Amino acid sequence: MEPAQRLIEELEREWREEQTIHRRWREDGVKFDLERPERLDIRAITLMPELFQPRDGISEKHVADLTKAIKSFGELDPVTAIVVGERTILIDGHHRIEAYGRVRPDREVPIRYFDGSPSEAVLVASEANSAVKLPMESRERQNRAWKLVLIGRYSKPDIARAAGVSERQVANMRSVMKQLGDEAFAHNKSWFRARNAAKGGYQHMDETEASIWQEELAQRYADNMAKMFSTKMADNPQVAAMALEKYFGRRLPEVWRELRDFVDVREIELEEAEEKAAVEAEEADIEAILSARAAAEAVKTAGPEEEIRHEEF
């Protein structure tokens with residue numbers, strides 16, 4: 001059984017048992033209050049990214065932007081969670097929680113609660129992350145759909161709507177799952193790998209498939225760098241450049257040629273021109289101030305005859 005499938009079944013069982021108890025209490029006239037604080041310490045929130053994080057990891061750029069927003073405005077929109085037994089499990093807001101934790105690890109954050117079942121919460125998490133606030137790439141949408149297929153609890157329309165793919169794509173994924181059998185769960189993080197395993201390997205990739213393979217490999221490297229360095233490299237561009245030069249050595253020019261496809265050179269040139277103009281203006285101001293001071297000092301140190309001649313003139 002796929003790990004996510006086992007986990008969702010455990011949550012469903014615990015949640016339904018709890019719902020049964022609550023129903024009996026209501027039938028018996030027992031008064032009870034479900035504890036739902038509007039703010040909660042982030043350390044009390046349980047993360048289950050294998051179920052509720054549709055993306056292929058955390059975007060460091062997005063976390064950095066959210067961190068700045070927290071420092072400027074104090075709080076972000078409430079995160080969404082579901083309560084199952086003793087645990088408050090995060091459904092939507094993984095980037096926000098990461099950003100809050102980097103600002104202050106013991107911080108309380110605003111929170112709203114989802115009243116449906118854990119299975120429904122998985123779909124809600126997928127739908128929430130397909131919104132425009134941080135668009136999911138096609139690769140991420142397909143990987144999320146593949147994970148939902150492997151869980152085995154959802155209809156084609158539900159998966160298609162939640163992940164943002166077509167029902168035909170979901171049908172293809174089900175066919176691959178059936179073809180691979182238990183081997184399908186070995187490729188639970190990547191639809192591309194599962195599809196290629198069903199086709200017999202990577203030997204005959206077309207241009208599109210090769211591009212997807214490169215993107216997944218690049219994402220894996222980026223995730224590893226994020227885990228190791230957090231934002232240290234991103235916050236120190238000069239040190240990062242020096243590190244890359246030491247790592248790539250003579251092949252650095254090749255990397256630079258590839259990087260140009262991802263960089264707006266005109267924007268960099270404009271920024272450099274603005275910086276140069278600002279520096280020149282600052283230097284001119286400093287030179288003017290120094291000249292004025294020098295002239296003032298010359299007047300103070302001038303002899304009596306020079307002062308008289310200066311006044312007569």
# chains A, B, ... in the order shown; residues from 1 in each chain; ligands from 1

$ residues_around --residues "region 86-102 of chain A" --least-positions-apart "2" --cutoff "10 Å" --atoms "only C-alpha atoms" --output "number ranges by chain"
A: 36, 40, 42-49, 51-55, 57-60, 62-71, 74-84, 104-109, 111-114, 118, 121-129

$ write_last_selection --atoms "C-alpha atoms" --output "short mmCIF file (atom, residue, chain, number, x, y, z; two decimals), in the first residue's frame"
data_model
loop_
_atom_site.label_atom_id
_atom_site.label_comp_id
_atom_site.auth_asym_id
_atom_site.auth_seq_id
_atom_site.Cartn_x
_atom_site.Cartn_y
_atom_site.Cartn_z
CA ARG A 36 -11.00 25.87 18.13
CA LEU A 40 -2.29 28.74 17.50
CA ILE A 42 3.03 26.98 15.00
CA ARG A 43 4.75 24.27 17.05
CA ALA A 44 1.31 22.83 17.81
CA ILE A 45 0.46 22.45 14.11
CA THR A 46 1.22 19.06 12.54
CA LEU A 47 2.59 19.01 8.99
CA MET A 48 1.79 16.14 6.63
CA PRO A 49 3.21 17.33 3.28
CA LEU A 51 -0.93 14.43 1.87
CA PHE A 52 -1.57 18.14 2.00
CA GLN A 53 1.35 19.77 0.15
CA PRO A 54 0.51 19.47 -3.56
CA ARG A 55 3.72 21.13 -4.70
CA GLY A 57 8.61 21.21 -2.26
CA ILE A 58 8.94 24.70 -0.80
CA SER A 59 9.66 27.70 -3.02
CA GLU A 60 12.47 29.64 -1.34
CA HIS A 62 7.98 32.66 -2.15
CA VAL A 63 9.02 32.04 1.47
CA ALA A 64 11.43 34.99 1.29
CA ASP A 65 8.65 37.26 -0.04
CA LEU A 66 6.27 36.10 2.72
CA THR A 67 8.96 36.62 5.37
CA LYS A 68 9.36 40.23 4.24
CA ALA A 69 5.58 40.70 4.33
CA ILE A 70 5.41 39.35 7.90
CA LYS A 71 8.17 41.73 9.03
CA GLY A 74 2.82 41.49 11.08
CA GLU A 75 0.51 38.76 9.79
CA LEU A 76 -0.66 36.97 6.67
CA ASP A 77 -4.00 35.37 5.82
CA PRO A 78 -5.01 32.55 8.21
CA VAL A 79 -3.75 29.06 7.45
CA THR A 80 -6.28 26.23 7.18
CA ALA A 81 -6.16 23.08 9.30
CA ILE A 82 -8.22 20.02 10.20
CA VAL A 83 -8.45 18.62 13.72
CA VAL A 84 -8.12 14.85 13.97
CA ARG A 104 10.05 33.54 15.10
CA PRO A 105 9.80 29.77 15.77
CA ASP A 106 7.40 30.11 18.73
CA ARG A 107 4.98 32.47 17.02
CA GLU A 108 1.19 32.16 17.22
CA VAL A 109 -0.54 32.42 13.84
CA ILE A 111 -5.91 29.82 11.80
CA ARG A 112 -9.23 28.63 10.35
CA TYR A 113 -10.62 25.10 10.56
CA PHE A 114 -11.94 22.66 7.98
CA PRO A 118 -9.50 14.07 5.88
CA ALA A 121 -9.32 17.91 3.02
CA VAL A 122 -6.82 16.39 0.58
CA LEU A 123 -8.92 17.62 -2.35
CA VAL A 124 -9.37 21.04 -0.71
CA ALA A 125 -5.59 21.35 -0.33
CA SER A 126 -5.10 20.56 -4.01
CA GLU A 127 -7.75 23.03 -5.14
CA ALA A 128 -6.37 25.77 -2.89
CA ASN A 129 -2.87 25.37 -4.32
#

$ select_by_dssp --residues "region 44-293 of chain A" --states "strand (DSSP E or B)" --output "NGL selection string"
:A and (45-46 or 79-84 or 87-92 or 108-113)

$ select_by_dssp --residues "region 97-233 of chain A" --states "alpha helix (DSSP H)" --output "number ranges by chain"
A: 97-103, 118-129, 138-151, 156-163, 167-180, 191-199, 207-229, 232-233

$ closest_residue --among "A:Glu14, A:Arg174, A:Glu183, A:Glu282" --to "Ile151 (chain A)" --atoms "only C-alpha atoms"
A:Arg174

$ atom_distance --atom1 "CA of Val165 (chain A)" --atom2 "CA of His187 (chain A)"
19.0 Å

$ residues_around --residues "Ser166 (chain A)" --least-positions-apart "4" --cutoff "12 Å" --atoms "only C-alpha atoms" --output "list of chain:residue names"
A:Ser138, A:Arg141, A:Gln142, A:Ala145, A:Lys156, A:Pro157, A:Asp158, A:Ile159, A:Ala160, A:Arg161, A:Ala162, A:Val170, A:Ala171, A:Asn172, A:Met173

$ closest_residue --among "A:Lys189, A:Asp235, A:Gly249, A:Ala4" --to "Lys61 (chain A)" --atoms "only C-alpha atoms"
A:Asp235

$ closest_atom_pairs --of "region 148-220 of chain A" --to "region 6-10 of chain A" --cutoff "12 Å" --atoms "only C-alpha atoms" --output "Markdown table"
| residue | atom | partner | partner_atom | distance |
| --- | --- | --- | --- | --- |
| A:Leu148 | CA | A:Ile8 | CA | 11.0 |
| A:Leu150 | CA | A:Arg6 | CA | 10.7 |
| A:Ile151 | CA | A:Ile8 | CA | 8.0 |
| A:Gly152 | CA | A:Ile8 | CA | 10.4 |
| A:Arg153 | CA | A:Ile8 | CA | 9.4 |
| A:Phe185 | CA | A:Arg6 | CA | 11.9 |

$ write_last_selection --atoms "N, CA, C and O atoms" --output "compact mmCIF listing (two decimals), in the first residue's frame"
# COMPACT_ATOMS: atom_id res chain seq x y z
N LEU A 148 -2.87 11.54 -6.15
CA LEU A 148 -4.28 11.30 -5.83
C LEU A 148 -4.77 9.99 -6.43
O LEU A 148 -5.58 9.29 -5.83
N LEU A 150 -2.92 7.34 -6.90
CA LEU A 150 -2.33 6.27 -6.08
C LEU A 150 -3.07 6.09 -4.76
O LEU A 150 -3.13 4.97 -4.23
N ILE A 151 -3.62 7.18 -4.22
CA ILE A 151 -4.39 7.05 -2.97
C ILE A 151 -5.61 6.17 -3.19
O ILE A 151 -6.03 5.41 -2.31
N GLY A 152 -6.20 6.25 -4.37
CA GLY A 152 -7.26 5.33 -4.74
C GLY A 152 -8.62 5.58 -4.12
O GLY A 152 -9.45 4.68 -4.04
N ARG A 153 -8.89 6.82 -3.71
CA ARG A 153 -10.17 7.12 -3.04
C ARG A 153 -11.05 8.07 -3.83
O ARG A 153 -12.17 8.36 -3.42
N PHE A 185 3.96 2.37 -6.85
CA PHE A 185 4.20 3.10 -5.61
C PHE A 185 5.67 3.49 -5.43
O PHE A 185 5.99 4.36 -4.62

$ residues_around --residues "Val176 (chain A)" --least-positions-apart "2" --cutoff "10 Å" --atoms "only C-alpha atoms" --output "MDAnalysis selection string"
chainID A and resid 146 170:174 178:181 184 191 194:199

$ closest_residue --among "A:Trp15, A:Trp25, A:Phe229, A:Phe192" --to "Gly116 (chain A)" --atoms "only C-alpha atoms"
A:Trp15

$ atom_distance --atom1 "CA of Glu120 (chain A)" --atom2 "CA of Lys31 (chain A)"
27.2 Å

$ atom_distance --atom1 "CA of Ala222 (chain A)" --atom2 "CA of Pro253 (chain A)"
20.4 Å
